[in-house]
Amino acid sequence: MQSNRVLTISRAMAEAIGQEMKRDERVFVMGEDIATYGGIFGATTGLLDEFGEERVRDTPISETGFIGAGVGAAMAGMRPIVELMFVDFYGVCMDAISNLAAKNIYFSGGNCTVPMVLMTATGGGYNDAGQHSQALHATFAHLPGMKVVAPSNAYDAKGLMISAIRDDSPVIFMFHKGLQGLAWMDWPETAAAVVPEDAYEIPFGKANVLREGKDVTIVALSMMVHRAMEAAGELAKEGVDAEVIDLRTLVPLDRETVIASVKKTGRLIVVDEDYSSYGMTAEIIASIAEEDPAMLKAPPKRIAYPDIPVPYSRPMENFALPDAQKIMAAARAMLPRVAA
Amino acid sequence: MTPTHEQLAWMYERMAKARYYEDTLAAIYMEGKSPKFDIGSGPVPGEMHLSAGQEPCAAGVCVHLRDDDTVTATHRPHHAAIAKGVDLNKMTAEIFGKKTGLAGGRGGHMHLLDPKVNFACSGIIAQGAGPAVGGALAAKMQGRDSVAVSYLGDGAANQGAFHEALNLAAVWKLGVIFVIEDNSWGISVPKSKSTAVKDNSVRAAAYGIPGVHVADNDTLKVFAAAGDAVKRARAGEGPSLIEIETYRYYGHFQGDPELYRPKGEVAALKAKDPIDRLAKHMVEAGAATQADLDGIRARVKAEVDAAIQYARDSAYPEPEEALEHVFA
């Protein structure tokens, strides 16, 4: 069905979940405030009315218990979608995530599946301080056994969510609060997108080249895709032709698309809202170094969150967050011929 | 256990201060957030969880405490911080994200930490329970009779950390008072849908410690229950659990549309406001005249207004200060 309707990410997520619940009675949702409230970040809005309390379950505040229960239900033939309200709360339930959800397929020698989606809100920029603003992509991507997804727009959010629900492995679906299209949070309009009404899948491990260019490759995901596009737009005015890659998934990771791009541009900037050290930025740069460092005409640059807890106060958080200015400065340093 | 006139006046003052503080903050929080409500804008950005209505839980417990006693509060910490004696200027400046704040603007409203009066809080549910056990353990190992109070919401009583902390404190016979502020809501989920027992106080039985249920958000009953628990803790007789039926006048956070809340609930709660009830009791008991109470209210209003002004007048931190204090 053709449609030109524009959805926010939260509406696209809720639509994807609702369509899969209708298609497959094994799919159900649970988490804190996901039923009556419709999810603090809107990812389950309207589902309670449509599917009822049996399949849209508010849980007690007990992440170890209900995420562990999600693992058990998934192994027993259901396909649970479980929300961890803020990714920052991972500390109370990481055992259920990394030692159960992520390892049970392995521990069964491939004889069982864990078709569970753990969706969780990431990101800062609204002064909520260090326990409610982290990105933490790499923490999950680092531990083997779970697929890690982080959409930047509503079209991808729907397709990736449907793929996640249909996947027989555990999938961590990390959505950025500042991209959800919430009434109470400023968000880039580019996060909303035309979303087809019918169900569709976006395969994992396939990056999206959002903007083609020949001078420098900018790799990003989630909120940072919008910062990268903003920077690329500005750089174009200065005569710099930037290529922007939206990774879409961290596990599996589309190294080939990044390598092909850097072979063409010879320059690499990796942007991430997650902490700088031991993170996604290093992983991408390592992929290039292992393939052929000679393809680089300039040292690569990572622009990520400094290795500090997320500060509360606005000037300090703005200082720490990667933004278009930092990306542009890095690009100019790599391309001195066009420096202002 | 009944409070002395001085203790009544102390509790009234702290409760009146907390209430005026929060009602003032609630108004300031909306500055810069209209016409479109944007959580990250204005002088007080980020989430804001107010405790107005829950003052008896703070004053009725902390009146028994000293500076060397530990308090770990929840993500809704202002009333407890004020009752424990956290520096009001520095606390307010922290909430405004200013350089003069408790943490120079690094922590904000959910992460108030004042080592001078051994106060801390956490934005993660039930995660104050363990540190309170640690505070009491340290006191015991150091030969002090300091106690520790861990505040928890009713929702937190379903977290593993709560149960593990109760067991640990009971096994080691530590001076910890676990105080459940039962406002009957975990964001939008009512207690009846999240908690398998009617009263969390019965859960104390699982750990062989006293569990007391305090009905009706009553300051004097909180005072009595907490007095017993603190006495027991100082005497080395181990932990206690106190569950207080209390109210939350505001939403879970400021901006919460509260569509889950039954209509008229807040109006009904306000009709039996605990501060008004304490005032009435004090006058009837001859502990204070109305003029005395008016004097207290005027004094706390001046103190709060001065703290707000201090916060407004203070400078923001330099952006680069974000890099400091990651390590000791």
# chains A, B, ... in the order shown; residues from 1 in each chain; ligands from 1

call {"tool": "interface_residues", "arguments": {"of": "chain A", "to": "chain B", "cutoff": "9 Å", "atoms": "only C-alpha atoms", "output": "PyMOL selection string"}}
result
chain A and resi 32-33+35-37+58-65+88-89+92+125-132+183-186+306-320

call {"tool": "write_last_selection", "arguments": {"atoms": "N, CA and C atoms", "output": "tab-separated table (two decimals), in the first residue's frame"}}
result
chain	number	residue	atom	x	y	z
A	32	GLU	N	7.87	-1.65	32.49
A	32	GLU	CA	7.33	-0.68	33.44
A	32	GLU	C	6.56	0.42	32.70
A	33	ASP	N	5.32	0.64	33.07
A	33	ASP	CA	4.50	1.72	32.52
A	33	ASP	C	4.30	1.64	31.02
A	35	ALA	N	1.77	-0.20	29.66
A	35	ALA	CA	0.36	-0.48	29.36
A	35	ALA	C	-0.48	0.79	29.43
A	36	THR	N	-0.98	1.14	30.60
A	36	THR	CA	-1.83	2.32	30.75
A	36	THR	C	-1.14	3.57	30.23
A	37	TYR	N	0.13	3.72	30.58
A	37	TYR	CA	0.88	4.92	30.19
A	37	TYR	C	1.25	4.89	28.71
A	58	ASP	N	1.96	-4.43	32.32
A	58	ASP	CA	2.76	-3.59	33.22
A	58	ASP	C	3.43	-4.51	34.22
A	59	THR	N	4.71	-4.25	34.46
A	59	THR	CA	5.44	-5.08	35.42
A	59	THR	C	5.72	-4.29	36.68
A	60	PRO	N	5.97	-4.97	37.79
A	60	PRO	CA	6.55	-4.28	38.94
A	60	PRO	C	7.94	-3.74	38.58
A	61	ILE	N	8.45	-2.85	39.40
A	61	ILE	CA	9.82	-2.36	39.19
A	61	ILE	C	10.76	-3.46	39.67
A	62	SER	N	11.14	-4.31	38.77
A	62	SER	CA	11.91	-5.50	39.14
A	62	SER	C	12.57	-6.06	37.88
A	63	GLU	N	13.54	-5.31	37.36
A	63	GLU	CA	14.09	-5.62	36.04
A	63	GLU	C	14.75	-7.00	35.98
A	64	THR	N	15.45	-7.38	37.04
A	64	THR	CA	16.05	-8.71	37.04
A	64	THR	C	14.97	-9.76	36.85
A	65	GLY	N	13.87	-9.60	37.55
A	65	GLY	CA	12.79	-10.57	37.48
A	65	GLY	C	12.12	-10.62	36.13
A	88	ASP	N	20.22	3.07	31.25
A	88	ASP	CA	21.06	3.28	32.45
A	88	ASP	C	20.70	2.31	33.58
A	89	PHE	N	19.50	1.74	33.52
A	89	PHE	CA	19.09	0.81	34.58
A	89	PHE	C	19.64	-0.61	34.34
A	92	VAL	N	20.98	-3.18	37.16
A	92	VAL	CA	20.22	-4.06	38.04
A	92	VAL	C	19.79	-5.36	37.34
A	125	GLY	N	21.24	15.05	26.44
A	125	GLY	CA	20.97	16.32	25.77
A	125	GLY	C	19.81	17.08	26.37
A	126	TYR	N	19.24	16.56	27.45
A	126	TYR	CA	18.12	17.26	28.08
A	126	TYR	C	18.35	17.43	29.58
A	127	ASN	N	19.60	17.37	30.00
A	127	ASN	CA	20.00	17.68	31.37
A	127	ASN	C	19.37	16.76	32.41
A	128	ASP	N	19.45	15.48	32.18
A	128	ASP	CA	18.89	14.54	33.13
A	128	ASP	C	19.98	13.80	33.92
A	129	ALA	N	21.23	14.19	33.69
A	129	ALA	CA	22.38	13.73	34.47
A	129	ALA	C	22.73	12.26	34.26
A	130	GLY	N	23.70	11.82	35.04
A	130	GLY	CA	24.47	10.61	34.75
A	130	GLY	C	23.77	9.28	34.87
A	131	GLN	N	22.58	9.23	35.49
A	131	GLN	CA	21.89	7.95	35.61
A	131	GLN	C	20.71	7.83	34.66
A	132	HIS	N	20.51	8.81	33.80
A	132	HIS	CA	19.38	8.77	32.86
A	132	HIS	C	19.74	9.30	31.47
A	183	ALA	N	6.34	15.03	22.76
A	183	ALA	CA	5.87	16.42	22.87
A	183	ALA	C	6.75	17.21	23.82
A	184	TRP	N	7.38	16.55	24.78
A	184	TRP	CA	8.09	17.26	25.84
A	184	TRP	C	9.60	17.29	25.65
A	185	MET	N	10.05	16.87	24.49
A	185	MET	CA	11.49	16.91	24.27
A	185	MET	C	11.79	17.40	22.87
A	186	ASP	N	12.72	18.32	22.77
A	186	ASP	CA	13.12	18.85	21.47
A	186	ASP	C	13.69	17.70	20.63
A	306	PRO	N	33.31	12.22	26.05
A	306	PRO	CA	34.52	12.04	26.84
A	306	PRO	C	34.29	11.01	27.96
A	307	ASP	N	35.35	10.46	28.49
A	307	ASP	CA	35.21	9.39	29.48
A	307	ASP	C	34.87	9.97	30.86
A	308	ILE	N	33.70	10.59	30.92
A	308	ILE	CA	33.21	11.18	32.17
A	308	ILE	C	31.74	10.80	32.32
A	309	PRO	N	31.25	10.69	33.56
A	309	PRO	CA	29.81	10.52	33.72
A	309	PRO	C	29.09	11.72	33.07
A	310	VAL	N	27.87	11.52	32.62
A	310	VAL	CA	27.15	12.61	31.95
A	310	VAL	C	26.81	13.69	32.98
A	311	PRO	N	27.34	14.92	32.78
A	311	PRO	CA	27.07	15.98	33.76
A	311	PRO	C	25.65	16.54	33.60
A	312	TYR	N	25.12	17.06	34.70
A	312	TYR	CA	23.76	17.59	34.72
A	312	TYR	C	23.66	18.97	34.09
A	313	SER	N	24.51	19.86	34.53
A	313	SER	CA	24.39	21.27	34.17
A	313	SER	C	24.57	21.49	32.66
A	314	ARG	N	23.73	22.37	32.11
A	314	ARG	CA	23.64	22.54	30.66
A	314	ARG	C	24.98	22.85	29.99
A	315	PRO	N	25.75	23.87	30.49
A	315	PRO	CA	27.00	24.16	29.76
A	315	PRO	C	27.96	22.98	29.75
A	316	MET	N	27.98	22.21	30.83
A	316	MET	CA	28.88	21.06	30.87
A	316	MET	C	28.40	19.93	29.97
A	317	GLU	N	27.09	19.69	29.94
A	317	GLU	CA	26.61	18.60	29.07
A	317	GLU	C	26.79	18.98	27.60
A	318	ASN	N	26.50	20.24	27.27
A	318	ASN	CA	26.68	20.67	25.88
A	318	ASN	C	28.14	20.57	25.45
A	319	PHE	N	29.04	20.87	26.39
A	319	PHE	CA	30.47	20.75	26.12
A	319	PHE	C	30.83	19.31	25.77
A	320	ALA	N	30.22	18.38	26.50
A	320	ALA	CA	30.62	16.98	26.35
A	320	ALA	C	29.99	16.29	25.15

call {"tool": "residues_around", "arguments": {"residues": "Met146 of chain A", "least_positions_apart": "2", "cutoff": "10 Å", "atoms": "only C-alpha atoms", "output": "PyMOL selection string"}}
result
chain A and resi 97-98+101-103+114+116-118+140-144+148-149+169-172+251-252

call {"tool": "write_last_selection", "arguments": {"atoms": "all heavy atoms", "output": "short mmCIF file (atom, residue, chain, number, x, y, z; two decimals), in the first residue's frame"}}
result
data_model
loop_
_atom_site.label_atom_id
_atom_site.label_comp_id
_atom_site.auth_asym_id
_atom_site.auth_seq_id
_atom_site.Cartn_x
_atom_site.Cartn_y
_atom_site.Cartn_z
N ILE A 97 20.45 -10.16 31.12
CA ILE A 97 20.70 -9.81 29.72
C ILE A 97 21.92 -10.57 29.17
O ILE A 97 21.82 -11.28 28.19
CB ILE A 97 20.91 -8.29 29.57
CG1 ILE A 97 19.66 -7.52 30.03
CG2 ILE A 97 21.24 -7.94 28.12
CD1 ILE A 97 19.86 -6.02 30.15
N SER A 98 23.05 -10.40 29.85
CA SER A 98 24.29 -10.89 29.22
C SER A 98 24.61 -12.33 29.57
O SER A 98 25.27 -13.02 28.80
CB SER A 98 25.46 -9.99 29.59
OG SER A 98 25.93 -10.30 30.88
N ALA A 101 20.00 -14.19 28.46
CA ALA A 101 19.50 -13.93 27.11
C ALA A 101 20.58 -14.17 26.06
O ALA A 101 20.36 -14.82 25.04
CB ALA A 101 18.96 -12.50 27.02
N ALA A 102 21.76 -13.65 26.32
CA ALA A 102 22.81 -13.65 25.30
C ALA A 102 23.57 -14.98 25.21
O ALA A 102 24.30 -15.21 24.26
CB ALA A 102 23.79 -12.51 25.56
N LYS A 103 23.45 -15.84 26.20
CA LYS A 103 24.31 -17.03 26.22
C LYS A 103 23.56 -18.35 26.07
O LYS A 103 24.18 -19.39 25.85
CB LYS A 103 25.14 -17.05 27.51
CG LYS A 103 26.18 -15.93 27.57
CD LYS A 103 27.22 -16.18 28.64
CE LYS A 103 28.32 -15.12 28.59
NZ LYS A 103 28.27 -14.20 29.71
N VAL A 114 16.27 -17.90 21.51
CA VAL A 114 15.83 -16.90 22.50
C VAL A 114 15.27 -15.69 21.73
O VAL A 114 15.91 -14.65 21.61
CB VAL A 114 16.97 -16.48 23.44
CG1 VAL A 114 16.45 -15.54 24.53
CG2 VAL A 114 17.65 -17.69 24.08
N MET A 116 13.77 -12.87 21.74
CA MET A 116 13.32 -11.83 22.65
C MET A 116 13.86 -10.48 22.17
O MET A 116 14.98 -10.39 21.71
CB MET A 116 13.88 -12.15 24.04
CG MET A 116 13.81 -11.04 25.04
SD MET A 116 14.46 -11.67 26.62
CE MET A 116 14.85 -10.13 27.40
N VAL A 117 13.05 -9.45 22.27
CA VAL A 117 13.51 -8.09 21.98
C VAL A 117 13.54 -7.32 23.29
O VAL A 117 12.55 -7.28 24.01
CB VAL A 117 12.58 -7.35 20.99
CG1 VAL A 117 13.09 -5.94 20.71
CG2 VAL A 117 12.44 -8.14 19.69
N LEU A 118 14.69 -6.76 23.59
CA LEU A 118 14.78 -5.86 24.75
C LEU A 118 14.90 -4.45 24.20
O LEU A 118 15.90 -4.11 23.57
CB LEU A 118 15.99 -6.20 25.61
CG LEU A 118 16.16 -5.34 26.86
CD1 LEU A 118 15.12 -5.71 27.91
CD2 LEU A 118 17.56 -5.48 27.45
N PHE A 140 26.65 -3.22 25.31
CA PHE A 140 25.87 -4.37 24.85
C PHE A 140 26.53 -5.03 23.64
O PHE A 140 26.53 -6.25 23.52
CB PHE A 140 24.44 -3.93 24.54
CG PHE A 140 23.72 -3.48 25.78
CD1 PHE A 140 23.80 -2.16 26.23
CD2 PHE A 140 23.01 -4.38 26.55
CE1 PHE A 140 23.17 -1.75 27.39
CE2 PHE A 140 22.37 -3.98 27.72
CZ PHE A 140 22.46 -2.66 28.14
N ALA A 141 27.09 -4.21 22.76
CA ALA A 141 27.72 -4.76 21.57
C ALA A 141 28.98 -5.54 21.91
O ALA A 141 29.38 -6.45 21.18
CB ALA A 141 28.05 -3.63 20.59
N HIS A 142 29.60 -5.19 23.02
CA HIS A 142 30.86 -5.84 23.42
C HIS A 142 30.66 -7.28 23.88
O HIS A 142 31.53 -8.12 23.71
CB HIS A 142 31.50 -5.02 24.55
CG HIS A 142 32.79 -5.58 25.04
ND1 HIS A 142 33.93 -5.59 24.28
CD2 HIS A 142 33.12 -6.16 26.22
CE1 HIS A 142 34.92 -6.15 24.98
NE2 HIS A 142 34.45 -6.52 26.15
N LEU A 143 29.51 -7.54 24.49
CA LEU A 143 29.26 -8.87 25.04
C LEU A 143 28.58 -9.73 23.98
O LEU A 143 27.52 -9.36 23.47
CB LEU A 143 28.38 -8.76 26.29
CG LEU A 143 29.05 -7.96 27.42
CD1 LEU A 143 28.03 -7.55 28.46
CD2 LEU A 143 30.17 -8.77 28.06
N PRO A 144 29.15 -10.86 23.62
CA PRO A 144 28.62 -11.62 22.49
C PRO A 144 27.26 -12.25 22.78
O PRO A 144 26.91 -12.52 23.92
CB PRO A 144 29.68 -12.72 22.27
CG PRO A 144 30.40 -12.83 23.56
CD PRO A 144 30.35 -11.48 24.21
N VAL A 148 22.46 -5.86 18.29
CA VAL A 148 22.27 -4.51 18.84
C VAL A 148 21.87 -3.55 17.73
O VAL A 148 22.60 -3.39 16.75
CB VAL A 148 23.55 -4.03 19.56
CG1 VAL A 148 23.35 -2.62 20.11
CG2 VAL A 148 23.94 -4.99 20.67
N VAL A 149 20.72 -2.93 17.90
CA VAL A 149 20.10 -2.10 16.88
C VAL A 149 19.90 -0.70 17.44
O VAL A 149 19.50 -0.55 18.60
CB VAL A 149 18.72 -2.70 16.51
CG1 VAL A 149 18.01 -1.85 15.48
CG2 VAL A 149 18.87 -4.14 16.03
N SER A 169 17.16 -14.74 17.70
CA SER A 169 18.17 -14.41 18.70
C SER A 169 17.71 -13.20 19.51
O SER A 169 16.87 -12.43 19.05
CB SER A 169 19.50 -14.06 18.01
OG SER A 169 19.95 -15.14 17.25
N PRO A 170 18.28 -13.00 20.70
CA PRO A 170 17.93 -11.81 21.46
C PRO A 170 18.43 -10.54 20.76
O PRO A 170 19.55 -10.51 20.26
CB PRO A 170 18.62 -12.01 22.81
CG PRO A 170 19.69 -13.01 22.56
CD PRO A 170 19.22 -13.88 21.43
N VAL A 171 17.58 -9.55 20.71
CA VAL A 171 17.92 -8.28 20.06
C VAL A 171 17.74 -7.14 21.06
O VAL A 171 16.69 -7.03 21.70
CB VAL A 171 17.02 -8.02 18.83
CG1 VAL A 171 17.36 -6.66 18.21
CG2 VAL A 171 17.17 -9.14 17.80
N ILE A 172 18.77 -6.32 21.20
CA ILE A 172 18.66 -5.11 22.02
C ILE A 172 18.34 -3.96 21.07
O ILE A 172 19.12 -3.64 20.19
CB ILE A 172 19.97 -4.79 22.78
CG1 ILE A 172 20.58 -6.05 23.41
CG2 ILE A 172 19.75 -3.70 23.82
CD1 ILE A 172 19.78 -6.68 24.49
N VAL A 251 25.62 -4.79 16.06
CA VAL A 251 25.81 -6.24 15.93
C VAL A 251 24.60 -6.78 15.18
O VAL A 251 23.48 -6.67 15.69
CB VAL A 251 25.92 -6.93 17.31
CG1 VAL A 251 26.12 -8.43 17.12
CG2 VAL A 251 27.01 -6.32 18.15
N PRO A 252 24.75 -7.31 13.96
CA PRO A 252 25.99 -7.37 13.20
C PRO A 252 26.40 -5.99 12.67
O PRO A 252 25.55 -5.12 12.50
CB PRO A 252 25.65 -8.33 12.06
CG PRO A 252 24.15 -8.24 11.91
CD PRO A 252 23.61 -7.93 13.27
#

call {"tool": "atom_distance", "arguments": {"atom1": "atom CA of Ile275 of chain B", "atom2": "atom CA of Glu55 of chain B"}}
result
7.9 Å

call {"tool": "residues_around", "arguments": {"residues": "Ala16 of chain B", "least_positions_apart": "3", "cutoff": "8 Å", "atoms": "only C-alpha atoms", "output": "number ranges by chain"}}
result
B: 12-13, 19-20, 275, 297, 300

call {"tool": "write_last_selection", "arguments": {"atoms": "C-alpha atoms", "output": "PDB file, in the first residue's frame"}}
result
ATOM      1  CA  TYR B  12       6.770  21.452  61.639  1.00  0.00           C
ATOM      2  CA  GLU B  13       9.573  23.701  60.490  1.00  0.00           C
ATOM      3  CA  ARG B  19       6.516  22.099  51.188  1.00  0.00           C
ATOM      4  CA  TYR B  20       7.231  25.735  50.398  1.00  0.00           C
ATOM      5  CA  ILE B 275       1.197  19.686  57.751  1.00  0.00           C
ATOM      6  CA  ARG B 297       6.351  29.745  58.133  1.00  0.00           C
ATOM      7  CA  VAL B 300      11.273  29.093  56.254  1.00  0.00           C
TER       8      VAL B 300
END

call {"tool": "select_by_dssp", "arguments": {"residues": "segment 7-106 of chain B", "states": "helix (DSSP H, G or I)", "output": "JSON, numbers by chain"}}
result
{"B": [7, 8, 9, 10, 11, 12, 13, 14, 15, 16, 17, 18, 19, 20, 21, 22, 23, 24, 25, 26, 27, 28, 29, 55, 56, 57, 58, 59, 60, 61, 62, 78, 79, 80, 81, 82, 83, 84, 88, 89, 90, 91, 92, 93, 94, 95]}

call {"tool": "write_last_selection", "arguments": {"atoms": "N, CA and C atoms", "output": "compact mmCIF listing (two decimals), in the first residue's frame"}}
result
# COMPACT_ATOMS: atom_id res chain seq x y z
N GLN B 7 10.60 19.07 69.61
CA GLN B 7 10.60 18.15 68.46
C GLN B 7 9.43 18.43 67.53
N LEU B 8 8.29 18.78 68.10
CA LEU B 8 7.14 19.15 67.26
C LEU B 8 7.47 20.36 66.40
N ALA B 9 8.06 21.35 67.04
CA ALA B 9 8.39 22.57 66.30
C ALA B 9 9.42 22.28 65.21
N TRP B 10 10.39 21.40 65.53
CA TRP B 10 11.42 21.03 64.55
C TRP B 10 10.77 20.36 63.35
N MET B 11 9.88 19.43 63.62
CA MET B 11 9.23 18.70 62.51
C MET B 11 8.37 19.65 61.68
N TYR B 12 7.63 20.52 62.36
CA TYR B 12 6.77 21.45 61.64
C TYR B 12 7.61 22.35 60.73
N GLU B 13 8.71 22.81 61.28
CA GLU B 13 9.57 23.70 60.49
C GLU B 13 10.12 23.00 59.24
N ARG B 14 10.63 21.78 59.43
CA ARG B 14 11.21 21.06 58.28
C ARG B 14 10.14 20.73 57.24
N MET B 15 8.96 20.37 57.72
CA MET B 15 7.89 20.03 56.78
C MET B 15 7.40 21.26 56.02
N ALA B 16 7.24 22.36 56.75
CA ALA B 16 6.79 23.60 56.10
C ALA B 16 7.84 24.08 55.09
N LYS B 17 9.12 23.88 55.47
CA LYS B 17 10.20 24.30 54.57
C LYS B 17 10.18 23.47 53.29
N ALA B 18 10.04 22.16 53.48
CA ALA B 18 10.04 21.27 52.31
C ALA B 18 8.86 21.59 51.39
N ARG B 19 7.71 21.84 52.00
CA ARG B 19 6.52 22.10 51.19
C ARG B 19 6.66 23.39 50.40
N TYR B 20 7.10 24.45 51.09
CA TYR B 20 7.23 25.74 50.40
C TYR B 20 8.32 25.64 49.32
N TYR B 21 9.37 24.91 49.65
CA TYR B 21 10.47 24.72 48.71
C TYR B 21 9.96 24.06 47.42
N GLU B 22 9.19 23.01 47.59
CA GLU B 22 8.74 22.25 46.41
C GLU B 22 7.68 23.00 45.62
N ASP B 23 6.76 23.65 46.30
CA ASP B 23 5.75 24.42 45.57
C ASP B 23 6.44 25.54 44.78
N THR B 24 7.47 26.12 45.37
CA THR B 24 8.22 27.18 44.68
C THR B 24 8.96 26.60 43.47
N LEU B 25 9.63 25.46 43.70
CA LEU B 25 10.36 24.81 42.60
C LEU B 25 9.42 24.40 41.46
N ALA B 26 8.24 23.94 41.84
CA ALA B 26 7.28 23.50 40.82
C ALA B 26 6.95 24.65 39.86
N ALA B 27 6.83 25.85 40.43
CA ALA B 27 6.54 27.02 39.59
C ALA B 27 7.76 27.40 38.76
N ILE B 28 8.93 27.42 39.39
CA ILE B 28 10.15 27.81 38.67
C ILE B 28 10.46 26.83 37.55
N TYR B 29 10.15 25.55 37.81
CA TYR B 29 10.44 24.52 36.82
C TYR B 29 9.76 24.82 35.48
N GLU B 55 6.00 14.74 53.37
CA GLU B 55 6.87 15.33 54.38
C GLU B 55 6.94 14.56 55.71
N PRO B 56 5.83 13.92 56.16
CA PRO B 56 5.93 13.21 57.44
C PRO B 56 7.02 12.13 57.43
N CYS B 57 7.22 11.50 56.27
CA CYS B 57 8.23 10.44 56.16
C CYS B 57 9.63 10.99 56.41
N ALA B 58 9.83 12.22 56.01
CA ALA B 58 11.15 12.84 56.18
C ALA B 58 11.33 13.36 57.60
N ALA B 59 10.43 14.25 58.01
CA ALA B 59 10.60 14.91 59.30
C ALA B 59 10.42 13.94 60.47
N GLY B 60 9.45 13.04 60.37
CA GLY B 60 9.16 12.13 61.47
C GLY B 60 10.27 11.13 61.72
N VAL B 61 11.10 10.89 60.72
CA VAL B 61 12.24 9.98 60.88
C VAL B 61 13.49 10.77 61.24
N CYS B 62 13.77 11.81 60.46
CA CYS B 62 15.06 12.52 60.61
C CYS B 62 15.15 13.31 61.91
N HIS B 78 13.91 15.72 47.93
CA HIS B 78 14.06 17.06 48.55
C HIS B 78 13.62 17.11 50.00
N HIS B 79 12.48 16.49 50.33
CA HIS B 79 11.98 16.55 51.70
C HIS B 79 12.96 15.88 52.66
N ALA B 80 13.50 14.76 52.24
CA ALA B 80 14.47 14.05 53.09
C ALA B 80 15.76 14.85 53.24
N ALA B 81 16.19 15.46 52.13
CA ALA B 81 17.43 16.26 52.18
C ALA B 81 17.27 17.43 53.14
N ILE B 82 16.12 18.06 53.07
CA ILE B 82 15.87 19.21 53.96
C ILE B 82 15.78 18.74 55.40
N ALA B 83 15.13 17.63 55.65
CA ALA B 83 15.02 17.11 57.02
C ALA B 83 16.37 16.68 57.57
N LYS B 84 17.22 16.17 56.69
CA LYS B 84 18.54 15.71 57.15
C LYS B 84 19.51 16.86 57.33
N LEU B 88 20.93 24.16 52.19
CA LEU B 88 19.85 24.51 51.26
C LEU B 88 20.34 25.34 50.08
N ASN B 89 21.28 26.23 50.34
CA ASN B 89 21.83 27.04 49.23
C ASN B 89 22.52 26.15 48.20
N LYS B 90 23.39 25.30 48.71
CA LYS B 90 24.17 24.44 47.79
C LYS B 90 23.27 23.44 47.06
N MET B 91 22.28 22.94 47.77
CA MET B 91 21.35 21.98 47.17
C MET B 91 20.56 22.66 46.04
N THR B 92 20.10 23.86 46.31
CA THR B 92 19.32 24.58 45.31
C THR B 92 20.18 24.95 44.11
N ALA B 93 21.38 25.38 44.39
CA ALA B 93 22.30 25.72 43.28
C ALA B 93 22.58 24.47 42.44
N GLU B 94 22.67 23.33 43.08
CA GLU B 94 22.88 22.09 42.33
C GLU B 94 21.70 21.81 41.40
N ILE B 95 20.51 22.00 41.94
CA ILE B 95 19.30 21.75 41.14
C ILE B 95 19.21 22.72 39.97

call {"tool": "select_by_dssp", "arguments": {"residues": "segment 59-245 of chain A", "states": "strand (DSSP E)", "output": "ChimeraX atom specification"}}
result
/A:79-86,117-122,147-149,171-176,193-194,208-211,216-220,242-245

call {"tool": "residues_around", "arguments": {"residues": "Glu234 of chain A", "least_positions_apart": "2", "cutoff": "12 Å", "atoms": "only C-alpha atoms", "output": "MDAnalysis selection string"}}
result
chainID A and resid 227:232 236:242 324:325 327:329 331:332

call {"tool": "closest_residue", "arguments": {"among": "A:Asp215, A:Glu50, A:Asp272, A:Glu256", "to": "Leu296 of chain A", "atoms": "only C-alpha atoms"}}
result
A:Asp215

call {"tool": "atom_distance", "arguments": {"atom1": "atom CA of Asn167 of chain B", "atom2": "atom CA of Pro115 of chain B"}}
result
26.2 Å

call {"tool": "atom_distance", "arguments": {"atom1": "atom CA of Glu189 of chain A", "atom2": "atom CA of His226 of chain A"}}
result
9.5 Å

call {"tool": "residues_around", "arguments": {"residues": "segment 277-285 of chain A", "least_positions_apart": "6", "cutoff": "6 Å", "atoms": "only C-alpha atoms", "output": "list in words"}}
result
Ala138, Val270 and Arg302 of chain A

call {"tool": "closest_residue", "arguments": {"among": "A:Arg55, A:His137, A:Lys297, A:Arg248", "to": "Met78 of chain A", "atoms": "only C-alpha atoms"}}
result
A:Arg55

call {"tool": "residues_around", "arguments": {"residues": "Val271 of chain A", "least_positions_apart": "6", "cutoff": "6 Å", "atoms": "only C-alpha atoms", "output": "list of chain:residue names"}}
result
A:Ala220, A:Ile303, A:Ala304

call {"tool": "write_last_selection", "arguments": {"atoms": "all heavy atoms", "output": "PDB file, in the first residue's frame"}}
result
ATOM      1  N   ALA A 220      28.181   7.143  11.751  1.00  0.00           N
ATOM      2  CA  ALA A 220      27.432   7.477  12.968  1.00  0.00           C
ATOM      3  C   ALA A 220      26.277   6.497  13.123  1.00  0.00           C
ATOM      4  O   ALA A 220      26.036   5.658  12.253  1.00  0.00           O
ATOM      5  CB  ALA A 220      26.905   8.912  12.880  1.00  0.00           C
ATOM      6  N   ILE A 303      34.931  11.154  17.387  1.00  0.00           N
ATOM      7  CA  ILE A 303      34.245  12.195  18.143  1.00  0.00           C
ATOM      8  C   ILE A 303      33.182  11.482  18.966  1.00  0.00           C
ATOM      9  O   ILE A 303      32.178  11.005  18.434  1.00  0.00           O
ATOM     10  CB  ILE A 303      33.618  13.240  17.200  1.00  0.00           C
ATOM     11  CG1 ILE A 303      34.728  13.904  16.399  1.00  0.00           C
ATOM     12  CG2 ILE A 303      32.829  14.274  17.998  1.00  0.00           C
ATOM     13  CD1 ILE A 303      34.220  14.853  15.355  1.00  0.00           C
ATOM     14  N   ALA A 304      33.452  11.379  20.255  1.00  0.00           N
ATOM     15  CA  ALA A 304      32.561  10.618  21.117  1.00  0.00           C
ATOM     16  C   ALA A 304      32.428  11.324  22.452  1.00  0.00           C
ATOM     17  O   ALA A 304      33.031  12.386  22.666  1.00  0.00           O
ATOM     18  CB  ALA A 304      33.097   9.206  21.302  1.00  0.00           C
TER      19      ALA A 304
END
